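A.B. asks: Okay, so here is model-v4.txt, and as you'll see once you scroll down, it has compact mmCIF, C-alpha atoms and all ligand atoms.
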# COMPACT_ATOMS: atom_id res chain seq x y z
CA MET Q 215 -26.91 -6.31 7.29
CA THR Q 216 -23.39 -5.72 8.54
CA GLU Q 217 -20.63 -6.57 6.14
CA THR Q 218 -18.37 -9.44 7.17
CA LEU Q 219 -14.60 -9.05 7.05
CA ALA Q 220 -14.55 -11.19 3.91
CA ASP Q 221 -17.22 -8.95 2.29
CA ILE Q 222 -15.10 -5.85 2.96
CA ALA Q 223 -11.94 -7.54 1.71
CA ASN Q 224 -13.71 -8.69 -1.44
CA ARG Q 225 -14.96 -5.16 -2.08
CA MET Q 226 -11.36 -3.96 -1.80
CA MET Q 227 -10.31 -6.59 -4.33
CA ALA Q 228 -13.00 -5.69 -6.90
CA PRO Q 229 -11.86 -6.64 -10.43
CA GLY Q 230 -9.98 -3.90 -12.29
CA LYS Q 231 -9.62 -1.77 -9.17
CA GLY Q 232 -6.93 -1.25 -6.54
CA ILE Q 233 -6.00 0.72 -3.46
CA LEU Q 234 -4.69 4.27 -3.22
CA ALA Q 235 -2.11 4.58 -0.44
CA ALA Q 236 -2.53 8.21 0.64
CA ASP Q 237 -1.38 7.59 4.21
CA GLU Q 238 1.95 9.42 4.11
CA SER Q 239 2.89 10.46 7.63
CA SER Q 240 3.36 14.18 8.30
CA SER Q 241 7.12 13.86 7.77
CA THR Q 242 6.79 11.84 4.54
CA ILE Q 243 4.24 14.19 2.96
CA ALA Q 244 6.47 17.12 3.97
CA LYS Q 245 9.27 15.49 1.94
CA ARG Q 246 6.99 15.05 -1.08
CA PHE Q 247 5.86 18.68 -0.83
CA GLN Q 248 9.40 19.91 -0.38
CA ALA Q 249 10.21 18.41 -3.77
CA ILE Q 250 7.66 20.79 -5.35
CA GLY Q 251 8.80 23.71 -3.17
CA LEU Q 252 5.69 23.71 -0.98
CA ASP Q 253 5.40 24.12 2.79
CA SER Q 254 3.50 21.27 4.40
CA THR Q 255 0.66 23.10 6.16
CA GLU Q 256 -2.51 21.41 7.35
CA ASP Q 257 -4.49 23.19 4.61
CA ALA Q 258 -2.02 22.21 1.89
CA ARG Q 259 -2.23 18.57 2.97
CA ARG Q 260 -6.02 18.79 2.97
CA ASP Q 261 -6.20 20.52 -0.45
CA TYR Q 262 -3.95 17.89 -1.98
CA ARG Q 263 -5.83 14.89 -0.58
CA GLU Q 264 -9.14 16.52 -1.46
CA LEU Q 265 -8.16 16.89 -5.10
CA LEU Q 266 -7.32 13.19 -5.28
CA PHE Q 267 -10.55 12.06 -3.63
CA ARG Q 268 -12.60 14.36 -5.89
CA ALA Q 269 -11.10 12.88 -9.06
CA ARG Q 270 -14.40 11.27 -9.88
CA GLU Q 271 -13.50 8.96 -12.74
CA ALA Q 272 -10.35 7.59 -11.08
CA MET Q 273 -12.03 7.12 -7.73
CA SER Q 274 -15.23 5.46 -8.89
CA GLU Q 275 -13.77 3.31 -11.67
CA CYS Q 276 -10.27 2.35 -10.55
CA ILE Q 277 -9.96 2.79 -6.77
CA SER Q 278 -11.54 0.32 -4.34
CA GLY Q 279 -10.04 1.66 -1.11
CA VAL Q 280 -7.98 4.56 0.22
CA ILE Q 281 -5.47 4.35 3.08
CA LEU Q 282 -5.51 7.50 5.21
CA PHE Q 283 -3.27 8.99 7.87
CA ASP Q 284 -4.70 9.91 11.29
CA GLU Q 285 -4.94 13.61 10.42
CA THR Q 286 -6.74 12.96 7.12
CA ILE Q 287 -9.43 10.65 8.49
CA ARG Q 288 -10.52 13.56 10.71
CA GLN Q 289 -10.23 16.28 8.07
CA LYS Q 290 -12.98 18.06 6.18
CA ALA Q 291 -12.91 19.27 2.58
CA ALA Q 292 -12.92 23.04 1.97
CA ASP Q 293 -16.75 22.93 1.76
CA GLY Q 294 -17.08 21.09 5.09
CA THR Q 295 -17.67 17.56 3.72
CA PRO Q 296 -15.60 15.00 5.65
CA LEU Q 297 -12.87 13.58 3.40
CA VAL Q 298 -14.00 10.08 4.45
CA GLN Q 299 -17.40 10.93 2.98
CA LEU Q 300 -15.86 11.85 -0.40
CA ILE Q 301 -14.20 8.45 -0.49
CA ALA Q 302 -17.34 6.54 0.50
CA ASP Q 303 -19.43 8.55 -2.01
CA ALA Q 304 -17.07 7.39 -4.78
CA GLY Q 305 -17.78 3.79 -3.74
CA ALA Q 306 -14.34 3.18 -2.22
CA VAL Q 307 -13.60 1.81 1.27
CA PRO Q 308 -11.87 4.19 3.70
CA GLY Q 309 -8.89 2.73 5.57
CA ILE Q 310 -6.31 3.88 8.08
CA LYS Q 311 -2.60 3.46 8.70
CA VAL Q 312 -2.27 2.44 12.35
CA ASP Q 313 1.41 1.63 12.81
CA LYS Q 314 3.64 4.19 14.49
CA GLY Q 315 6.58 3.72 12.17
CA ALA Q 316 9.68 1.55 11.94
CA LYS Q 317 12.26 2.13 14.69
CA ALA Q 318 15.75 0.71 15.21
CA LEU Q 319 15.56 -2.93 16.35
CA ALA Q 320 17.55 -3.25 19.58
CA LEU Q 321 20.80 -5.27 19.33
CA SER Q 322 20.23 -5.75 15.58
CA PRO Q 323 22.24 -3.08 13.74
CA GLY Q 324 20.72 -1.98 10.44
CA GLU Q 325 17.31 -3.51 11.13
CA LYS Q 326 13.93 -2.12 12.12
CA ILE Q 327 10.88 -3.08 14.11
CA THR Q 328 7.52 -1.43 13.60
CA GLU Q 329 5.90 0.02 16.73
CA GLY Q 330 2.30 0.85 17.58
CA LEU Q 331 0.67 -2.10 19.38
CA ASP Q 332 0.14 -0.37 22.75
CA GLY Q 333 -3.39 1.06 22.90
CA LEU Q 334 -4.15 -0.23 19.40
CA ARG Q 335 -7.47 -1.87 20.40
CA GLU Q 336 -8.84 1.49 21.55
CA ARG Q 337 -7.52 3.32 18.50
CA LEU Q 338 -9.12 0.75 16.18
CA ARG Q 339 -12.48 1.31 17.87
CA ASP Q 340 -12.12 5.06 17.31
CA TYR Q 341 -11.16 4.59 13.68
CA HIS Q 342 -14.09 2.25 13.09
CA ALA Q 343 -16.41 4.94 14.46
CA LEU Q 344 -14.77 7.42 12.06
CA GLY Q 345 -15.61 5.13 9.11
CA ALA Q 346 -12.48 3.03 8.61
CA ARG Q 347 -13.19 -0.55 7.52
CA PHE Q 348 -9.62 -1.62 6.90
CA ALA Q 349 -6.20 -0.79 8.32
CA LYS Q 350 -2.56 -0.97 7.32
CA TRP Q 351 0.62 -1.85 9.21
CA ARG Q 352 3.98 -1.77 7.45
CA ALA Q 353 7.04 -3.72 8.53
CA VAL Q 354 10.42 -3.11 6.91
CA ILE Q 355 12.93 -5.82 6.08
CA THR Q 356 16.40 -4.81 4.90
CA ILE Q 357 18.65 -7.03 2.78
CA GLY Q 358 22.38 -6.66 3.46
CA ASP Q 359 25.46 -8.39 4.75
CA GLY Q 360 23.99 -11.08 7.04
CA LEU Q 361 20.59 -9.36 6.85
CA PRO Q 362 17.78 -9.90 7.40
CA THR Q 363 18.22 -11.79 10.67
CA ASP Q 364 15.64 -14.32 11.85
CA ASN Q 365 15.19 -12.06 14.86
CA CYS Q 366 14.03 -9.18 12.65
CA ILE Q 367 11.76 -11.38 10.51
CA GLN Q 368 10.15 -13.07 13.54
CA ALA Q 369 9.72 -9.88 15.58
CA ASN Q 370 8.02 -8.06 12.71
CA ALA Q 371 5.89 -11.05 11.70
CA GLY Q 372 4.74 -11.39 15.32
CA ALA Q 373 3.82 -7.70 15.57
CA LEU Q 374 1.93 -7.86 12.26
CA ALA Q 375 -0.01 -10.90 13.47
CA ARG Q 376 -0.96 -9.20 16.75
CA TYR Q 377 -2.07 -6.14 14.79
CA ALA Q 378 -4.11 -8.26 12.35
CA ALA Q 379 -5.88 -10.09 15.18
CA LEU Q 380 -6.76 -6.79 16.89
CA CYS Q 381 -8.13 -5.45 13.60
CA GLN Q 382 -10.38 -8.46 13.06
CA GLU Q 383 -11.58 -8.38 16.67
CA ASN Q 384 -12.84 -4.88 15.91
CA GLY Q 385 -14.46 -5.45 12.50
CA ILE Q 386 -11.55 -4.09 10.49
CA VAL Q 387 -9.78 -5.86 7.61
CA PRO Q 388 -6.01 -5.89 8.15
CA ILE Q 389 -3.65 -5.11 5.30
CA VAL Q 390 -0.51 -6.99 6.28
CA GLU Q 391 2.52 -5.27 4.76
CA PRO Q 392 5.94 -6.87 5.24
CA GLU Q 393 8.06 -4.79 2.84
CA VAL Q 394 11.40 -6.16 1.69
CA LEU Q 395 13.17 -2.95 0.73
CA MET Q 396 14.56 -2.39 -2.77
CA ASP Q 397 15.33 1.31 -2.55
CA ASN Q 398 17.45 1.75 0.59
CA GLU Q 399 21.00 3.06 0.27
CA GLY Q 400 23.35 0.27 -0.70
CA ALA Q 401 20.57 -2.09 -1.87
CA ALA Q 402 22.71 -4.01 -4.37
CA HIS Q 403 21.08 -7.44 -4.08
CA ASP Q 404 20.00 -9.34 -7.17
CA LEU Q 405 16.62 -10.78 -8.12
CA ALA Q 406 17.30 -14.26 -6.71
CA THR Q 407 18.24 -12.81 -3.31
CA SER Q 408 15.14 -10.64 -3.22
CA ALA Q 409 12.99 -13.64 -4.14
CA ALA Q 410 14.57 -15.89 -1.48
CA VAL Q 411 14.24 -13.28 1.28
CA THR Q 412 10.67 -12.42 0.30
CA GLU Q 413 9.70 -16.11 0.41
CA ARG Q 414 11.33 -16.53 3.84
CA VAL Q 415 9.55 -13.43 5.18
CA LEU Q 416 6.14 -14.42 3.81
CA LYS Q 417 6.35 -17.98 5.10
CA ALA Q 418 7.17 -16.70 8.60
CA GLN Q 419 4.36 -14.17 8.28
CA PHE Q 420 1.69 -16.76 7.56
CA GLU Q 421 2.90 -19.01 10.39
CA HIS Q 422 2.38 -16.09 12.78
CA LEU Q 423 -1.01 -15.13 11.30
CA VAL Q 424 -2.30 -18.68 11.61
CA LEU Q 425 -0.93 -18.98 15.16
CA ALA Q 426 -2.76 -15.77 16.11
CA GLY Q 427 -6.04 -17.16 14.75
CA VAL Q 428 -6.34 -14.55 12.03
CA ASP Q 429 -8.98 -15.33 9.39
CA LEU Q 430 -7.12 -15.19 6.09
CA ARG Q 431 -10.37 -14.72 4.14
CA GLY Q 432 -10.64 -11.32 5.83
CA THR Q 433 -6.97 -10.40 5.33
CA ILE Q 434 -5.16 -8.66 2.47
CA LEU Q 435 -1.44 -9.12 1.92
CA LYS Q 436 0.56 -6.11 0.74
CA PRO Q 437 3.94 -7.47 -0.31
CA SER Q 438 6.85 -6.04 -2.22
CA MET Q 439 7.67 -7.66 -5.54
CA ALA Q 440 10.71 -9.88 -5.98
CA ILE Q 441 12.96 -7.30 -7.65
CA PRO Q 442 16.67 -6.37 -7.65
CA GLY Q 443 17.83 -3.62 -5.26
CA ARG Q 444 18.13 -0.17 -6.81
CA GLU Q 445 21.93 -0.37 -6.83
CA SER Q 446 22.09 -3.94 -8.12
CA PRO Q 447 24.67 -4.41 -10.89
CA VAL Q 448 22.52 -7.23 -12.29
CA PRO Q 449 19.31 -5.92 -13.85
CA ALA Q 450 16.25 -8.10 -14.34
CA SER Q 451 13.71 -7.86 -17.13
CA ALA Q 452 10.06 -7.07 -16.36
CA ALA Q 453 9.15 -10.64 -17.31
CA GLU Q 454 11.75 -12.03 -14.88
CA VAL Q 455 10.43 -9.85 -12.04
CA ALA Q 456 6.86 -10.97 -12.72
CA GLU Q 457 7.84 -14.62 -12.98
CA ALA Q 458 9.90 -14.61 -9.76
CA THR Q 459 7.20 -12.71 -7.86
CA ALA Q 460 4.42 -15.09 -8.91
CA ARG Q 461 6.59 -18.08 -8.01
CA VAL Q 462 7.35 -16.73 -4.51
CA LEU Q 463 3.72 -15.87 -3.82
CA ARG Q 464 2.54 -19.30 -4.95
CA ALA Q 465 5.07 -20.92 -2.63
CA ALA Q 466 4.32 -18.81 0.44
CA VAL Q 467 0.77 -17.41 0.38
CA PRO Q 468 -2.17 -19.66 1.35
CA ALA Q 469 -5.02 -19.75 -1.17
CA ASP Q 470 -7.45 -18.55 1.54
CA VAL Q 471 -5.98 -15.04 1.60
CA ALA Q 472 -8.60 -12.57 0.30
CA GLY Q 473 -6.19 -10.84 -2.03
CA ILE Q 474 -2.77 -9.45 -2.76
CA ALA Q 475 -2.19 -5.72 -3.26
CA PHE Q 476 1.41 -4.76 -4.01
CA LEU Q 477 3.27 -1.69 -2.78
CA SER Q 478 5.36 0.15 -5.39
CA GLY Q 479 8.40 0.56 -3.15
CA GLY Q 480 10.47 2.91 -5.31
CA GLN Q 481 9.77 1.44 -8.75
CA SER Q 482 9.08 3.99 -11.47
CA ASP Q 483 5.40 4.63 -12.19
CA GLU Q 484 5.42 2.68 -15.41
CA GLN Q 485 7.54 -0.19 -14.06
CA ALA Q 486 5.10 -0.73 -11.18
CA THR Q 487 2.24 -0.86 -13.67
CA GLU Q 488 4.00 -3.15 -16.14
CA HIS Q 489 5.10 -5.61 -13.44
CA LEU Q 490 1.58 -5.86 -12.03
CA SER Q 491 0.10 -6.44 -15.45
CA LEU Q 492 2.64 -9.16 -16.29
CA ILE Q 493 2.00 -10.92 -12.96
CA ASN Q 494 -1.71 -10.99 -13.75
CA GLN Q 495 -1.01 -12.22 -17.28
CA ILE Q 496 0.76 -15.26 -15.86
CA GLY Q 497 -2.69 -16.17 -14.61
CA ASP Q 498 -4.04 -19.10 -12.65
CA LEU Q 499 -3.17 -17.50 -9.28
CA PRO Q 500 -5.42 -18.50 -6.37
CA TRP Q 501 -6.07 -14.91 -5.22
CA PRO Q 502 -6.94 -11.62 -6.95
CA VAL Q 503 -3.79 -9.53 -7.40
CA THR Q 504 -3.85 -5.73 -7.58
CA PHE Q 505 -2.05 -2.54 -6.53
CA SER Q 506 -1.89 -0.57 -3.30
CA TYR Q 507 0.44 2.12 -4.59
CA GLY Q 508 1.52 5.34 -2.95
CA ARG Q 509 4.31 6.91 -4.97
CA ALA Q 510 3.50 5.11 -8.25
CA LEU Q 511 -0.06 6.52 -8.20
CA GLN Q 512 0.73 9.99 -6.93
CA ALA Q 513 4.14 11.15 -8.14
CA ALA Q 514 2.85 12.62 -11.42
CA ALA Q 515 -0.16 14.21 -9.71
CA ILE Q 516 1.90 15.99 -7.03
CA LYS Q 517 4.25 17.31 -9.66
CA ALA Q 518 1.41 18.55 -11.88
CA TRP Q 519 -0.28 20.22 -8.91
CA GLY Q 520 2.73 22.09 -7.53
CA GLY Q 521 0.53 23.47 -4.75
CA ARG Q 522 -1.40 25.76 -7.13
CA PRO Q 523 -5.21 25.89 -7.28
CA GLU Q 524 -5.11 26.53 -11.04
CA ASN Q 525 -3.37 23.15 -11.50
CA VAL Q 526 -5.97 21.04 -9.69
CA GLU Q 527 -7.47 19.75 -12.93
CA SER Q 528 -4.19 18.72 -14.48
CA ALA Q 529 -3.18 17.03 -11.22
CA GLN Q 530 -6.47 15.12 -11.26
CA ALA Q 531 -5.86 14.18 -14.89
CA ALA Q 532 -2.39 12.86 -14.02
CA PHE Q 533 -3.80 10.83 -11.12
CA THR Q 534 -6.64 9.53 -13.28
CA HIS Q 535 -4.22 8.42 -15.96
CA ARG Q 536 -2.10 6.40 -13.49
CA ALA Q 537 -5.21 4.97 -11.82
CA ARG Q 538 -6.56 3.84 -15.20
CA MET Q 539 -3.26 2.28 -16.25
CA ASN Q 540 -3.03 0.40 -12.95
CA GLY Q 541 -6.68 -0.61 -13.24
CA LEU Q 542 -5.80 -2.20 -16.59
CA ALA Q 543 -2.76 -3.86 -14.99
CA ALA Q 544 -4.96 -5.33 -12.24
CA ALA Q 545 -6.76 -7.14 -15.04
CA GLY Q 546 -3.52 -8.05 -16.85
CA LYS Q 547 -4.52 -5.75 -19.72
CA TRP Q 548 -1.99 -2.93 -19.58
CA SER Q 549 0.23 -2.32 -22.61
CA ALA Q 550 2.85 0.28 -23.56
CA GLU Q 551 0.45 1.11 -26.37
CA ALA Q 552 -2.40 1.87 -23.93
CA GLU Q 553 0.01 4.00 -21.93
CA LYS Q 554 0.85 6.13 -24.98
CA THR Q 555 -2.62 6.51 -26.48
CA ALA Q 556 -4.18 7.46 -23.16
CA ALA Q 557 -1.46 9.95 -22.16
P1 LIG Q 601 4.61 2.94 -2.13
O1 LIG Q 601 3.71 2.38 -3.20
O2 LIG Q 601 5.05 4.35 -2.40
O3 LIG Q 601 5.73 2.01 -1.79
O4 LIG Q 601 3.73 3.10 -0.83
C1 LIG Q 601 2.83 2.13 -0.49
C2 LIG Q 601 2.67 2.11 0.97
O5 LIG Q 601 1.57 2.22 1.47
C3 LIG Q 601 3.86 1.93 1.81
O6 LIG Q 601 3.48 1.64 3.12
As a first step, turn the structure in this file into structure tokens.

C.D. replies:
Amino acid sequence: MTETLADIANRMMAPGKGILAADESSSTIAKRFQAIGLDSTEDARRDYRELLFRAREAMSECISGVILFDETIRQKAADGTPLVQLIADAGAVPGIKVDKGAKALALSPGEKITEGLDGLRERLRDYHALGARFAKWRAVITIGDGLPTDNCIQANAGALARYAALCQENGIVPIVEPEVLMDNEGAAHDLATSAAVTERVLKAQFEHLVLAGVDLRGTILKPSMAIPGRESPVPASAAEVAEATARVLRAAVPADVAGIAFLSGGQSDEQATEHLSLINQIGDLPWPVTFSYGRALQAAAIKAWGGRPENVESAQAAFTHRARMNGLAAAGKWSAEAEKTAA
């Protein structure tokens, strides 16, 4: 029997599990590698992704889906096994980033629009044949003087809705990711501003999704948390971030949505985990809430690896630790104590 979109989405939202965002574009992964003094060759990128996907405990117990980049979905492990196969063998759903990046939004200084709709139907068909059962599209919203504009919010929400409809037409669950940035230069906004903008963005997003006929039961939302900008002079406690985030989501996200999987967006590893756990502890939310972290799942692993074969095991251990801590957080069961004893 073929899985419905809702079946796939529910598998991605399995209790105590979350999504590994390993879909860094060639330029982003080059930046990550540069930080450990490594050239970004095709083999290096393959070796690194392979070590993550072969981390058996993390993958089978804590990871429900993996977002891949175009190169990776076509790559084979050193022994010839397709990387997609490693992911499926671990019981996780393979997915694919399909947007072509955020470009300057015309006549709207300081704002961006995500491109990639042209030819998307055909690309989705190819990706489905390669094993992808979900996709990701990221829009970027910047807070600043007079920003975001309605133009930027509407244009990105419209593009995300068109993308989501194309995904569902082709048997692929869309991850809808409208990211309100916290880590851009000059991001000095406070928690209340982040919360208000996030609510405005999400409300517009669901209007567009409904207008496009997208089935929310086969859709996963990947939002940013309501959180102060990285240069904000007014800090917020973890409890305040969790409280504000839950309030915004309740106000803006229909109960039909299959699940919510946060991005980490520049939070420290432990912050991203703690916030997720506190949000789940608030409880009584109408959707499952988990992680879809890139940096917050991988930063420690990349550092431990350093591009050296002899460090593969310690890199896998670092990844497994973060995956386990976030798995606990997805169930609202993380604690600083657990973090220390497990480390
Ligand atoms: P971060 O968790 O590093 O923000 O990445 C998640 C992601 O997929 C961004 O598109």

A.B. asks: The residues within 10 Å of (5.7, -12.9, 4.3), using all atoms listed in the file and the coordinates of the file, should be reported as a list in words; which are they?

C.D. replies: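 Using all atoms listed in the file, the matching residues come out as Ile367, Asn370, Ala371, Val390, Glu391, Pro392, Glu393, Val394, Val411, Thr412, Glu413, Arg414, Val415, Leu416, Lys417, Ala418, Gln419, Phe420, Glu421, His422, Leu423, Leu435, Lys436, Pro437, Ser438, Val462, Leu463, Ala466 and Val467 of chain Q.
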
A.B. asks: Let me see if you get this right: every residue at most 9 Å from ligand LIG 601 (chain Q), counting all atoms listed in the file, written as a PyMOL selection string.

C.D. replies: chain Q and resi 234-238+281+311+350-353+391+393+436+438+476-481+486+505-513

A.B. asks: Show which residues sit within 8 Å of Ile327 (chain Q), as a count of residues only. Count only C-alpha atoms, and ignore same-chain residues fewer than 4 positions away.

C.D. replies: 9

A.B. asks: Calculate how many Å separate CA of Ala272 (chain Q) from CA of Phe533 (chain Q), rounding to one decimal.

C.D. replies: 7.3 Å

A.B. asks: Show which residues sit within 9 Å of Leu492 (chain Q), as a PyMOL selection string. Count all atoms listed in the file, and ignore same-chain residues fewer than 2 positions away.

C.D. replies: chain Q and resi 452-453+455-457+487-490+494-497+543+546-548

A.B. asks: Region 297-378 of chain Q near region 259-266 of chain Q within 12 Å: what's each residue's closest atom pair and its distance in Å to one decimal, counting only C-alpha atoms, ordered by chain then ascending residue number, as a Markdown table?

C.D. replies:
| residue | atom | partner | partner_atom | distance |
| --- | --- | --- | --- | --- |
| Q:Leu297 | CA | Q:Glu264 | CA | 6.8 |
| Q:Val298 | CA | Q:Glu264 | CA | 10.0 |
| Q:Gln299 | CA | Q:Glu264 | CA | 10.9 |
| Q:Leu300 | CA | Q:Glu264 | CA | 8.3 |
| Q:Ile301 | CA | Q:Glu264 | CA | 9.6 |
| Q:Ala304 | CA | Q:Leu266 | CA | 11.4 |

A.B. asks: Provide the CA of Gly385 (chain Q) to CA of Leu219 (chain Q) distance in Å, to one decimal place.

C.D. replies: 6.5 Å

A.B. asks: Between CA of His403 (chain Q) and CA of Pro449 (chain Q), what is the spacing in Å?

C.D. replies: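 Spanning CA of Pro449 (chain Q) to CA of His403 (chain Q) is a straight-line distance of 10.0 Å.
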
A.B. asks: Using all atoms listed in the file for the distances, tell me which of Q:Asn398, Q:Ser528, Q:Ser491, Q:Gln382 is nearest to Leu430 (chain Q).

C.D. replies: Q:Gln382

A.B. asks: Give me the residues near region 220-223 of chain Q as a PyMOL selection string, where near means some atom within 12 Å (using only C-alpha atoms) and where sequence neighbours in that chain fewer than 5 positions away do not count.

C.D. replies: chain Q and resi 215+228+232-233+278-279+306-309+346-349+382+385-389+429-435+470-475+501-502

A.B. asks: Which residues, protein or nucleic acid, reach to within 12 Å of (-7.2, 14.3, 13.8) in the file's coordinates when using only C-alpha atoms, and can you give that as a count of residues only?

C.D. replies: 19

A.B. asks: Around all listed atoms of region 412-427 of chain Q, padded 5 Å per side, what centre and edge lengths does the axis-aligned box have in Å to one decimal, as JSON?

C.D. replies:
{"center_x": 2.6, "center_y": -15.7, "center_z": 8.2, "size_x": 27.4, "size_y": 16.6, "size_z": 25.8}
